[in-house]
>>> print(open('run_29.txt').read())   # compact mmCIF, C-alpha atoms and all ligand atoms
# COMPACT_ATOMS: atom_id res chain seq x y z
CA MET L 387 5.82 112.62 147.83
CA VAL L 388 6.36 109.53 149.95
CA LYS L 389 3.06 108.32 151.33
CA GLY L 390 2.84 108.09 155.09
CA ASP L 391 1.71 104.97 156.87
CA TYR L 392 -2.08 105.08 156.97
CA TYR L 393 -2.25 104.08 160.62
CA GLU L 394 0.21 106.79 161.56
CA VAL L 395 -1.65 109.35 159.47
CA LEU L 396 -4.83 108.69 161.43
CA GLY L 397 -2.93 108.19 164.69
CA VAL L 398 -4.45 104.78 165.43
CA SER L 399 -2.93 101.41 166.29
CA ARG L 400 -2.69 98.60 163.75
CA ASP L 401 -5.48 96.71 165.45
CA ALA L 402 -7.84 99.69 165.75
CA GLY L 403 -11.53 98.93 165.24
CA ASP L 404 -13.79 100.59 162.66
CA ASP L 405 -15.21 103.02 165.19
CA GLN L 406 -11.78 104.16 166.32
CA ILE L 407 -10.73 104.69 162.71
CA LYS L 408 -13.86 106.63 161.91
CA SER L 409 -13.59 108.83 164.94
CA ALA L 410 -9.88 109.49 164.31
CA TYR L 411 -10.69 110.53 160.77
CA ARG L 412 -13.53 112.81 161.84
CA LYS L 413 -11.19 114.65 164.18
CA LEU L 414 -8.57 115.17 161.48
CA ALA L 415 -11.11 116.10 158.84
CA LEU L 416 -12.56 118.70 161.16
CA LYS L 417 -9.14 120.09 162.02
CA PHE L 418 -7.94 120.35 158.41
CA HIS L 419 -11.24 121.07 156.70
CA PRO L 420 -10.77 123.57 153.83
CA ASP L 421 -13.54 125.80 155.15
CA ARG L 422 -11.56 126.28 158.34
CA ASN L 423 -8.19 126.68 156.67
CA PRO L 424 -8.78 128.73 153.55
CA GLY L 425 -5.64 129.05 151.45
CA ASP L 426 -3.55 126.85 153.76
CA ASN L 427 -1.79 124.32 151.54
CA ALA L 428 -0.33 122.26 154.38
CA ALA L 429 -3.81 121.80 155.87
CA GLU L 430 -5.10 120.86 152.43
CA GLU L 431 -2.46 118.16 152.11
CA SER L 432 -3.21 116.80 155.57
CA PHE L 433 -6.91 116.79 154.75
CA LYS L 434 -6.34 114.76 151.59
CA GLU L 435 -3.90 112.43 153.31
CA ALA L 436 -6.35 111.67 156.10
CA ALA L 437 -9.15 111.07 153.57
CA GLU L 438 -7.00 108.61 151.67
CA ALA L 439 -5.98 106.75 154.83
CA TYR L 440 -9.62 106.55 155.87
CA ALA L 441 -10.74 105.36 152.45
CA VAL L 442 -8.39 102.40 152.77
CA LEU L 443 -8.74 101.50 156.43
CA ARG L 444 -12.55 101.67 156.51
CA ASP L 445 -12.71 99.11 153.72
CA ALA L 446 -11.98 95.60 155.01
CA GLU L 447 -10.71 94.36 151.64
CA LYS L 448 -8.40 97.32 151.02
CA ARG L 449 -7.19 97.26 154.60
CA ARG L 450 -6.25 93.59 154.31
CA ILE L 451 -4.28 94.26 151.11
CA TYR L 452 -2.58 97.24 152.70
CA ASP L 453 -1.66 95.27 155.82
CA ARG L 454 0.01 92.59 153.73
CA PHE L 455 1.50 94.46 150.78
CA GLY L 456 1.57 98.14 151.75
CA HIS L 457 1.02 101.02 149.28
CA GLU L 458 2.35 99.02 146.34
CA GLY L 459 -0.25 96.37 146.93
CA LEU L 460 -3.05 98.93 146.61
CA GLU L 461 -1.58 100.57 143.54
CA GLY L 462 -1.31 97.17 141.92
CA ARG L 463 -5.07 96.90 142.38
CA GLY L 464 -5.83 100.29 140.93
CA PHE L 465 -6.43 102.32 144.10
CA GLN L 466 -5.56 105.88 143.25
CA GLY L 467 -6.40 107.97 146.26
CA PHE L 468 -8.41 111.13 145.57
CA SER L 469 -8.12 113.67 142.82
CA GLY L 470 -9.49 116.55 144.86
CA PHE L 471 -11.96 117.80 147.41
CA GLU L 472 -15.03 117.04 145.35
CA ASP L 473 -13.92 113.47 145.23
CA ILE L 474 -13.43 113.30 148.98
CA PHE L 475 -16.74 114.96 149.77
CA SER L 476 -18.69 112.82 147.35
CA ASN L 477 -17.26 109.72 149.05
CA PHE L 478 -17.49 110.76 152.68
CA GLY L 479 -20.05 113.56 152.63
CA ASP L 480 -21.94 111.75 155.37
CA ILE L 481 -19.09 112.05 157.82
CA PHE L 482 -19.19 115.85 157.68
CA GLU L 483 -22.84 116.09 158.63
CA GLY L 484 -23.41 118.32 161.56
CA PHE L 485 -19.78 119.40 161.75
CA PHE L 486 -20.36 122.86 160.48
CA GLY L 487 -22.87 125.34 161.75
CA PHE L 488 -24.35 125.83 158.32
CA GLY L 489 -25.42 122.27 157.92
CA SER L 490 -24.24 119.26 156.06
CA GLY L 491 -24.30 118.22 152.49
CA ARG L 492 -23.66 120.70 149.78
CA SER L 493 -22.92 123.81 151.78
CA GLY L 494 -20.45 121.93 153.95
CA ARG L 495 -18.79 120.46 150.91
CA SER L 496 -17.64 123.51 149.11
CA ARG L 497 -15.43 126.25 150.38
CA GLY L 498 -17.12 129.52 151.26
CA ARG L 499 -19.14 130.99 148.45
CA GLN L 500 -17.65 133.89 146.49
CA GLY L 501 -19.46 137.22 146.85
CA ASN L 502 -21.42 138.77 144.02
CA SER L 503 -19.58 140.73 141.40
CA LEU L 504 -20.84 144.21 140.67
CA ARG L 505 -21.19 146.13 137.45
CA TYR L 506 -20.72 149.84 136.98
CA ASP L 507 -21.54 151.46 133.66
CA LEU L 508 -19.32 154.38 132.74
CA GLU L 509 -19.93 156.72 129.82
CA LEU L 510 -16.93 158.38 128.14
CA THR L 511 -16.49 160.81 125.29
CA LEU L 512 -14.40 159.66 122.35
CA GLU L 513 -11.73 162.14 123.46
CA GLU L 514 -11.64 160.54 126.93
CA ALA L 515 -11.43 157.08 125.37
CA PHE L 516 -8.50 158.39 123.32
CA THR L 517 -6.46 159.79 126.20
CA GLY L 518 -7.60 157.45 128.98
CA LYS L 519 -8.31 158.89 132.40
CA GLU L 520 -8.65 158.21 136.07
CA GLU L 521 -12.24 158.28 137.17
CA GLU L 522 -13.49 158.17 140.72
CA ILE L 523 -16.67 156.16 140.78
CA THR L 524 -19.19 155.82 143.57
CA PHE L 525 -21.27 152.72 144.06
CA HIS L 526 -23.10 150.81 146.73
CA ARG L 527 -22.18 147.38 147.91
CA LEU L 528 -22.96 145.03 150.76
CA GLU L 529 -20.32 144.69 153.45
CA ALA L 530 -20.12 142.71 156.65
CA CYS L 531 -22.00 144.56 159.38
CA ASP L 532 -19.64 146.33 161.81
CA THR L 533 -21.99 146.06 164.77
CA CYS L 534 -22.22 142.25 164.75
CA ASP L 535 -19.09 141.40 162.71
CA GLY L 536 -21.32 139.92 160.06
CA SER L 537 -22.95 137.32 162.30
CA GLY L 538 -26.38 138.96 162.25
CA VAL L 539 -26.66 138.36 166.00
CA ALA L 540 -27.19 141.26 168.38
CA PRO L 541 -24.01 141.90 170.41
CA GLY L 542 -24.11 139.97 173.69
CA SER L 543 -26.47 137.27 172.46
CA GLU L 544 -25.79 133.93 170.77
CA PRO L 545 -27.51 132.15 167.92
CA GLN L 546 -29.34 129.02 169.01
CA THR L 547 -28.96 125.61 167.48
CA CYS L 548 -32.02 124.89 165.36
CA ALA L 549 -34.31 122.52 167.24
CA THR L 550 -35.95 121.15 164.11
CA CYS L 551 -32.74 119.81 162.58
CA GLN L 552 -30.43 119.79 165.62
CA GLY L 553 -28.07 122.08 163.75
CA ARG L 554 -27.67 119.87 160.70
CA GLY L 555 -29.46 122.23 158.36
CA GLN L 556 -31.19 119.24 156.77
CA VAL L 557 -34.13 117.16 157.77
CA VAL L 558 -34.53 113.53 156.80
CA ARG L 559 -37.85 111.87 156.24
CA SER L 560 -38.68 108.35 155.15
CA GLN L 561 -40.50 107.79 151.91
CA GLY L 562 -41.15 104.13 151.36
CA PHE L 563 -37.76 102.44 151.32
CA PHE L 564 -35.92 105.69 150.81
CA GLN L 565 -34.69 108.33 153.13
CA VAL L 566 -35.04 111.75 151.60
CA SER L 567 -33.15 114.68 153.06
CA SER L 568 -34.08 118.27 152.38
CA THR L 569 -33.14 121.72 153.61
CA CYS L 570 -34.50 122.40 157.09
CA PRO L 571 -37.59 124.64 156.82
CA SER L 572 -37.03 126.26 160.23
CA CYS L 573 -33.48 127.54 159.72
CA HIS L 574 -33.28 127.39 155.91
CA GLY L 575 -30.20 125.20 156.11
CA GLN L 576 -28.28 127.48 158.45
CA GLY L 577 -28.44 125.07 161.39
CA GLN L 578 -28.89 128.02 163.72
CA ILE L 579 -31.66 130.38 164.56
CA ILE L 580 -31.04 133.97 165.52
CA MET L 581 -33.44 134.87 168.32
CA ASP L 582 -32.09 138.35 168.88
CA PRO L 583 -31.06 139.84 165.54
CA CYS L 584 -28.60 142.70 165.19
CA ASP L 585 -30.40 146.03 164.79
CA ALA L 586 -27.93 147.52 162.36
CA CYS L 587 -28.34 144.80 159.70
CA ARG L 588 -31.71 143.36 160.81
CA GLY L 589 -30.02 140.00 161.27
CA GLY L 590 -28.73 139.74 157.72
CA GLY L 591 -25.09 140.24 158.74
CA LYS L 592 -24.52 142.64 155.87
CA VAL L 593 -25.18 146.31 155.34
CA ARG L 594 -25.26 148.36 152.16
CA ILE L 595 -22.58 151.02 152.14
CA LYS L 596 -21.45 153.68 149.72
CA ARG L 597 -17.98 153.24 148.36
CA ASN L 598 -15.64 155.28 146.17
CA VAL L 599 -12.89 153.76 144.10
CA THR L 600 -10.64 155.18 141.43
CA VAL L 601 -10.70 153.35 138.12
CA LYS L 602 -7.74 153.78 135.82
CA ILE L 603 -8.98 153.78 132.25
CA PRO L 604 -6.28 153.05 129.69
CA PRO L 605 -6.19 154.86 126.33
CA GLY L 606 -8.03 153.05 123.56
CA VAL L 607 -11.01 151.59 125.43
CA ASP L 608 -14.16 151.06 123.42
CA THR L 609 -17.81 150.42 124.12
CA GLY L 610 -18.02 147.04 125.83
CA SER L 611 -14.50 147.19 127.30
CA GLN L 612 -14.58 145.89 130.87
CA LEU L 613 -12.17 146.91 133.60
CA ARG L 614 -11.98 144.49 136.49
CA LEU L 615 -11.16 145.52 140.03
CA ARG L 616 -10.55 142.33 141.94
CA GLY L 617 -12.18 142.01 145.31
CA GLU L 618 -14.19 145.26 145.03
CA GLY L 619 -17.46 143.38 144.74
CA GLU L 620 -19.56 142.06 147.58
CA PRO L 621 -18.05 139.94 150.36
CA GLY L 622 -18.31 136.15 150.17
CA ASP L 623 -20.21 133.93 152.56
CA TYR L 624 -18.51 131.71 155.13
CA GLY L 625 -15.08 133.17 154.48
CA GLY L 626 -15.37 132.96 150.68
CA PRO L 627 -13.55 135.56 148.59
CA SER L 628 -15.16 138.86 147.63
CA GLY L 629 -16.58 139.32 144.15
CA ASP L 630 -15.11 141.74 141.63
CA LEU L 631 -16.18 145.13 140.35
CA PHE L 632 -16.52 145.38 136.58
CA THR L 633 -16.57 148.82 135.03
CA VAL L 634 -18.24 148.56 131.65
CA ILE L 635 -17.32 151.30 129.20
CA HIS L 636 -19.72 153.06 126.86
CA VAL L 637 -18.20 155.52 124.42
CA LYS L 638 -20.59 158.25 123.32
CA ASP L 639 -21.13 159.03 119.66
CA HIS L 640 -18.91 161.81 118.34
CA ARG L 641 -20.30 164.58 116.18
CA PHE L 642 -17.52 164.24 113.63
CA PHE L 643 -15.81 160.86 113.95
CA THR L 644 -17.17 157.36 113.86
CA ARG L 645 -15.10 154.46 115.10
CA GLU L 646 -14.48 150.92 113.95
CA GLY L 647 -12.01 149.22 116.29
CA ASP L 648 -8.90 151.40 116.25
CA ALA L 649 -9.86 153.06 112.96
CA LEU L 650 -11.61 156.41 112.85
CA MET L 651 -13.77 157.60 109.99
CA CYS L 652 -15.17 160.95 109.07
CA GLU L 653 -16.70 162.74 106.12
CA ILE L 654 -15.61 166.11 104.84
CA PRO L 655 -17.66 168.28 102.53
CA ILE L 656 -15.83 170.03 99.70
CA SER L 657 -17.14 172.06 96.80
CA PHE L 658 -17.18 170.63 93.28
CA VAL L 659 -14.65 173.32 92.38
CA GLN L 660 -12.25 172.09 95.12
CA ALA L 661 -12.78 168.54 93.88
CA ALA L 662 -11.98 169.56 90.32
CA LEU L 663 -9.07 171.92 90.98
CA GLY L 664 -7.60 170.37 94.14
CA ASP L 665 -7.03 172.19 97.41
CA THR L 666 -5.55 171.91 100.89
CA ILE L 667 -8.01 171.93 103.76
CA ASN L 668 -7.55 171.70 107.51
CA ILE L 669 -9.25 168.90 109.39
CA PRO L 670 -9.53 168.41 113.15
CA LEU L 671 -7.82 165.37 114.68
CA ILE L 672 -8.88 163.53 117.80
CA GLY L 673 -6.62 164.22 120.76
CA GLU L 674 -4.63 166.93 118.97
CA LYS L 675 -4.96 170.66 119.31
CA ASP L 676 -3.77 171.64 115.87
CA GLU L 677 -5.70 170.91 112.74
CA HIS L 678 -4.13 168.66 110.18
CA PRO L 679 -3.57 169.93 106.61
CA LEU L 680 -5.11 167.52 104.12
CA ASP L 681 -4.34 167.60 100.41
CA ILE L 682 -7.29 167.16 98.08
CA ARG L 683 -5.92 166.09 94.72
CA LYS L 684 -7.39 167.70 91.62
CA GLY L 685 -10.00 165.52 90.03
CA THR L 686 -11.10 163.97 93.33
CA GLN L 687 -14.30 161.96 92.87
CA PRO L 688 -17.30 161.99 95.24
CA GLY L 689 -16.97 159.26 97.86
CA HIS L 690 -13.21 159.04 97.49
CA VAL L 691 -11.53 157.92 100.71
CA ILE L 692 -8.25 159.44 101.89
CA LYS L 693 -6.27 157.44 104.43
CA VAL L 694 -4.20 159.24 107.05
CA SER L 695 -1.96 156.66 108.71
CA GLY L 696 -1.55 156.58 112.48
CA LYS L 697 -4.21 159.18 113.25
CA GLY L 698 -6.86 156.82 114.58
CA MET L 699 -7.42 155.53 118.11
CA PRO L 700 -4.58 154.11 120.23
CA HIS L 701 -4.24 150.35 120.57
CA LEU L 702 -5.58 149.24 123.93
CA GLN L 703 -2.47 147.08 124.44
CA GLY L 704 -0.52 150.25 125.10
CA ASN L 705 2.20 149.75 122.49
CA HIS L 706 2.02 153.40 121.41
CA ARG L 707 0.61 152.38 118.05
CA ARG L 708 -2.48 153.95 116.63
CA GLY L 709 -5.07 152.97 114.08
CA ASP L 710 -5.63 154.97 110.90
CA LEU L 711 -8.00 157.74 109.97
CA TYR L 712 -10.19 157.41 106.88
CA ILE L 713 -11.67 160.56 105.41
CA GLN L 714 -14.44 160.28 102.87
CA VAL L 715 -14.89 163.17 100.50
CA GLN L 716 -18.42 164.50 100.03
CA VAL L 717 -18.67 166.73 96.97
CA ARG L 718 -21.29 169.43 97.35
CA ILE L 719 -23.22 170.57 94.31
CA PRO L 720 -24.61 174.09 94.73
CA GLU L 721 -28.40 174.15 94.88
CA LYS L 722 -28.67 177.79 93.89
CA LEU L 723 -26.54 179.75 91.44
CA THR L 724 -26.24 183.47 90.90
CA GLN L 725 -26.72 184.74 87.36
CA GLU L 726 -22.96 185.20 87.07
CA GLN L 727 -22.17 181.68 88.29
CA ARG L 728 -24.72 180.23 85.91
CA GLU L 729 -23.18 182.01 82.93
CA LEU L 730 -19.72 180.84 83.95
CA LEU L 731 -20.87 177.26 84.19
CA GLU L 732 -22.61 177.46 80.83
CA ALA L 733 -19.45 178.86 79.31
CA PHE L 734 -17.56 175.99 80.96
CA ALA L 735 -20.00 173.50 79.50
CA GLU L 736 -19.45 174.91 76.01
CA THR L 737 -15.71 174.31 76.29
CA ASP L 738 -16.65 170.74 77.02
CA GLY L 739 -18.97 170.57 74.00
CA LYS L 740 -21.91 169.65 76.20
CA LYS L 741 -24.00 172.74 76.50
CA PRO L 742 -27.25 171.93 78.34
CA SER L 743 -30.36 172.81 76.29
CA GLY L 744 -31.66 174.94 79.13
CA LYS L 745 -35.09 173.36 78.69
CA LYS L 746 -36.30 170.81 81.13
CA LYS L 747 -37.39 167.63 79.39
CA SER L 748 -40.76 166.22 80.37
CA LYS L 749 -40.61 163.30 82.77
CA LYS L 750 -42.11 160.96 80.18
CA ASN L 751 -39.44 161.72 77.58
CA ARG L 752 -36.74 161.38 80.14
CA TRP L 753 -37.90 157.87 81.11
CA LYS L 754 -38.03 156.88 77.45
CA ARG L 755 -34.50 158.03 77.06
CA LEU L 756 -33.34 156.07 80.11
CA VAL L 757 -34.87 152.74 79.08
CA LYS L 758 -33.50 152.83 75.55
ZN ZN L 801 -25.33 143.40 162.22
ZN ZN L 802 -32.92 123.75 161.14
>>> encode(input="run_29.txt", output="structure tokens")
Amino acid sequence: MVKGDYYEVLGVSRDAGDDQIKSAYRKLALKFHPDRNPGDNAAEESFKEAAEAYAVLRDAEKRRIYDRFGHEGLEGRGFQGFSGFEDIFSNFGDIFEGFFGFGSGRSGRSRGRQGNSLRYDLELTLEEAFTGKEEEITFHRLEACDTCDGSGVAPGSEPQTCATCQGRGQVVRSQGFFQVSSTCPSCHGQGQIIMDPCDACRGGGKVRIKRNVTVKIPPGVDTGSQLRLRGEGEPGDYGGPSGDLFTVIHVKDHRFFTREGDALMCEIPISFVQAALGDTINIPLIGEKDEHPLDIRKGTQPGHVIKVSGKGMPHLQGNHRRGDLYIQVQVRIPEKLTQEQRELLEAFAETDGKKPSGKKKSKKNRWKRLVK
């Protein structure tokens, strides 16, 4: 971008005095101030341009160089202009004092403050986390008061400039050699005092209202997943953007499945006979109506894990892929036997050459045996 002539930018003559330059800059800064032109890039550029022109022309040394050698002369001496607003405000913060109703200094420096973000906790079943769903949620948030348009002032009346600080929002007191400025105690930095507050919001400018929004929950969410609805939080101050609404997901424990990322795990009990002989059993699957036939191989050991590919939870990225299902086999040993079962098992043991004695060994003997 070609830099404009600094005198033209400020609209002053080449022989303008310091006061003229300062006052020209104040006018432009006020006109193009970011708080008054939120999101307006052209205004932003003009604001920066004016600040740069002022930075040079207010400084006798820089102005002399500029008058003789132009922009190149300044660049040759390392003058860079400003990197951004912070830079401008930290250099000329003083010139903005009293410009804006809400005082000088920090609050005048930044753009309007963003509103608070809100959090909504939503509990889902594992099945709901599997399929995803649309959920209408109801919450309360602050909004600008309709009655007073957010000003906090009763309709028909006007806020009064704070007498303590003359609208600056700050008071300055001397402390030895120093001047210390602090937030005005009368108006709390607002620069204005509301004598006749709005009834609807008690002068706060905001009212709490109930709001419903529909949250679209994608398949595959897990505990801790956060869904962000931009701008559904509370409104900002001084024209700042609204905050966001975060829906935080909690997935309830399932009676059958546990989850680890996209993987699902479950345990199935089988009898020791099924483990020894093999069998086919039906297991329920998440998100599917029909049960899934699962082959138990003969000779399956307790704790054995069977993997069923692609029957876990869906990937949150929505690529139609699913995690896997891991089924751990629990082999049940019968605690009670009928006479007939006992005889069959004893007969089985004989075929194995390991017939139990039938007598219970004393605890003492058993320990001796174990430590040998
Ligand atoms: Zn109100
Ligand atoms: Zn005040």
>>> atom_distance(input="run_29.txt", atom1="CA of Arg616 (chain L)", atom2="CA of Asp630 (chain L)")
4.6 Å
>>> atom_distance(input="run_29.txt", atom1="CA of Val637 (chain L)", atom2="CA of Ser611 (chain L)")
9.6 Å
>>> residues_near_point(input="run_29.txt", point="(-32.3, 125.6, 164.4)", cutoff="7 Å", atoms="all atoms listed in the file", output="JSON list (two decimals) with C-alpha atoms, in the coordinates of the input")
[["chain", "number", "residue", "atom", "x", "y", "z"],
["L", 546, "GLN", "CA", -29.34, 129.02, 169.01],
["L", 547, "THR", "CA", -28.96, 125.61, 167.48],
["L", 548, "CYS", "CA", -32.02, 124.89, 165.36],
["L", 549, "ALA", "CA", -34.31, 122.52, 167.24],
["L", 550, "THR", "CA", -35.95, 121.15, 164.11],
["L", 551, "CYS", "CA", -32.74, 119.81, 162.58],
["L", 552, "GLN", "CA", -30.43, 119.79, 165.62],
["L", 553, "GLY", "CA", -28.07, 122.08, 163.75],
["L", 572, "SER", "CA", -37.03, 126.26, 160.23],
["L", 573, "CYS", "CA", -33.48, 127.54, 159.72],
["L", 577, "GLY", "CA", -28.44, 125.07, 161.39],
["L", 578, "GLN", "CA", -28.89, 128.02, 163.72],
["L", 579, "ILE", "CA", -31.66, 130.38, 164.56]]
>>> closest_atom_pairs(input="run_29.txt", of="chain L", to="ligand ZN 801 (chain L)", cutoff="10 Å", atoms="only C-alpha atoms and all ligand atoms", output="Markdown table")
| residue | atom | partner | partner_atom | distance |
| --- | --- | --- | --- | --- |
| L:Ala530 | CA | L:ZN801 | ZN | 7.7 |
| L:Cys531 | CA | L:ZN801 | ZN | 4.5 |
| L:Asp532 | CA | L:ZN801 | ZN | 6.4 |
| L:Thr533 | CA | L:ZN801 | ZN | 5.0 |
| L:Cys534 | CA | L:ZN801 | ZN | 4.2 |
| L:Asp535 | CA | L:ZN801 | ZN | 6.6 |
| L:Gly536 | CA | L:ZN801 | ZN | 5.7 |
| L:Ser537 | CA | L:ZN801 | ZN | 6.5 |
| L:Gly538 | CA | L:ZN801 | ZN | 4.6 |
| L:Val539 | CA | L:ZN801 | ZN | 6.4 |
| L:Ala540 | CA | L:ZN801 | ZN | 6.8 |
| L:Pro541 | CA | L:ZN801 | ZN | 8.4 |
| L:Pro583 | CA | L:ZN801 | ZN | 7.5 |
| L:Cys584 | CA | L:ZN801 | ZN | 4.5 |
| L:Asp585 | CA | L:ZN801 | ZN | 6.3 |
| L:Ala586 | CA | L:ZN801 | ZN | 4.9 |
| L:Cys587 | CA | L:ZN801 | ZN | 4.2 |
| L:Arg588 | CA | L:ZN801 | ZN | 6.5 |
| L:Gly589 | CA | L:ZN801 | ZN | 5.9 |
| L:Gly590 | CA | L:ZN801 | ZN | 6.7 |
| L:Gly591 | CA | L:ZN801 | ZN | 4.7 |
| L:Lys592 | CA | L:ZN801 | ZN | 6.4 |
| L:Val593 | CA | L:ZN801 | ZN | 7.5 |
>>> atom_distance(input="run_29.txt", atom1="CA of Ser399 (chain L)", atom2="CA of Lys448 (chain L)")
16.7 Å
>>> closest_residue(input="run_29.txt", among="L:Glu646, L:Glu509, L:Glu544, L:Asp401", to="Leu443 (chain L)", atoms="all atoms listed in the file")
L:Asp401
>>> closest_residue(input="run_29.txt", among="L:Leu396, L:Leu460, L:Ala439, L:Leu504", to="Pro621 (chain L)", atoms="only C-alpha atoms")
L:Leu504
>>> closest_residue(input="run_29.txt", among="L:Pro627, L:Gly647, L:Gly689, L:Gly698", to="Thr609 (chain L)", atoms="all atoms listed in the file")
L:Gly647
>>> residues_around(input="run_29.txt", residues="Gly617 (chain L)", least_positions_apart="5", cutoff="10 Å", atoms="all atoms listed in the file", output="PyMOL selection string")
chain L and resi 500-503+622+627-631
>>> closest_residue(input="run_29.txt", among="L:Asn423, L:Thr633, L:Ser567, L:Gln612", to="Phe525 (chain L)", atoms="all atoms listed in the file")
L:Thr633
>>> closest_residue(input="run_29.txt", among="L:Thr600, L:Ser568, L:Ser432, L:Thr524", to="ligand ZN 802 (chain L)", atoms="all atoms listed in the file")
L:Ser568
>>> closest_residue(input="run_29.txt", among="L:Arg554, L:Arg527, L:His706, L:Lys417", to="Asn598 (chain L)", atoms="only C-alpha atoms")
L:Arg527
>>> residues_around(input="run_29.txt", residues="region 461-463 of chain L", least_positions_apart="2", cutoff="12 Å", atoms="all atoms listed in the file", output="list in words")
Lys389, Val442, Glu447, Lys448, Ile451, Tyr452, Phe455, Gly456, His457, Glu458, Gly459, Phe465, Gln466 and Gly467 of chain L
>>> residues_around(input="run_29.txt", residues="Val395 (chain L)", least_positions_apart="6", cutoff="10 Å", atoms="all atoms listed in the file", output="number ranges by chain")
L: 389, 410-411, 414, 432, 435-440
>>> build_atoms(input="run_29.txt", residues="region 700-711 of chain L", atoms="N, CA and C atoms", output="mmCIF file, keeping the file's coordinate frame")
data_model
loop_
_atom_site.group_PDB
_atom_site.id
_atom_site.type_symbol
_atom_site.label_atom_id
_atom_site.label_comp_id
_atom_site.auth_asym_id
_atom_site.auth_seq_id
_atom_site.Cartn_x
_atom_site.Cartn_y
_atom_site.Cartn_z
ATOM 1 N N PRO L 700 -5.727 154.909 119.760
ATOM 2 C CA PRO L 700 -4.580 154.110 120.230
ATOM 3 C C PRO L 700 -4.975 152.647 120.440
ATOM 4 N N HIS L 701 -4.008 151.755 120.248
ATOM 5 C CA HIS L 701 -4.240 150.350 120.570
ATOM 6 C C HIS L 701 -4.385 150.215 122.078
ATOM 7 N N LEU L 702 -5.333 149.425 122.500
ATOM 8 C CA LEU L 702 -5.580 149.240 123.930
ATOM 9 C C LEU L 702 -4.388 148.558 124.617
ATOM 10 N N GLN L 703 -3.614 147.801 123.853
ATOM 11 C CA GLN L 703 -2.470 147.080 124.440
ATOM 12 C C GLN L 703 -1.382 148.030 124.913
ATOM 13 N N GLY L 704 -1.487 149.288 124.575
ATOM 14 C CA GLY L 704 -0.520 150.250 125.100
ATOM 15 C C GLY L 704 0.831 150.171 124.448
ATOM 16 N N ASN L 705 0.898 149.826 123.163
ATOM 17 C CA ASN L 705 2.200 149.750 122.490
ATOM 18 C C ASN L 705 2.503 151.025 121.696
ATOM 19 N N HIS L 706 1.806 152.097 122.039
ATOM 20 C CA HIS L 706 2.020 153.400 121.410
ATOM 21 C C HIS L 706 1.697 153.401 119.927
ATOM 22 N N ARG L 707 1.015 152.352 119.453
ATOM 23 C CA ARG L 707 0.610 152.380 118.050
ATOM 24 C C ARG L 707 -0.821 152.867 117.974
ATOM 25 N N ARG L 708 -1.121 153.446 116.814
ATOM 26 C CA ARG L 708 -2.480 153.950 116.630
ATOM 27 C C ARG L 708 -3.067 153.415 115.341
ATOM 28 N N GLY L 709 -4.374 153.339 115.308
ATOM 29 C CA GLY L 709 -5.070 152.970 114.080
ATOM 30 C C GLY L 709 -4.993 154.117 113.073
ATOM 31 N N ASP L 710 -5.688 153.963 111.961
ATOM 32 C CA ASP L 710 -5.630 154.970 110.900
ATOM 33 C C ASP L 710 -6.931 155.765 110.836
ATOM 34 N N LEU L 711 -6.827 156.883 110.164
ATOM 35 C CA LEU L 711 -8.000 157.740 109.970
ATOM 36 C C LEU L 711 -8.400 157.693 108.501
#
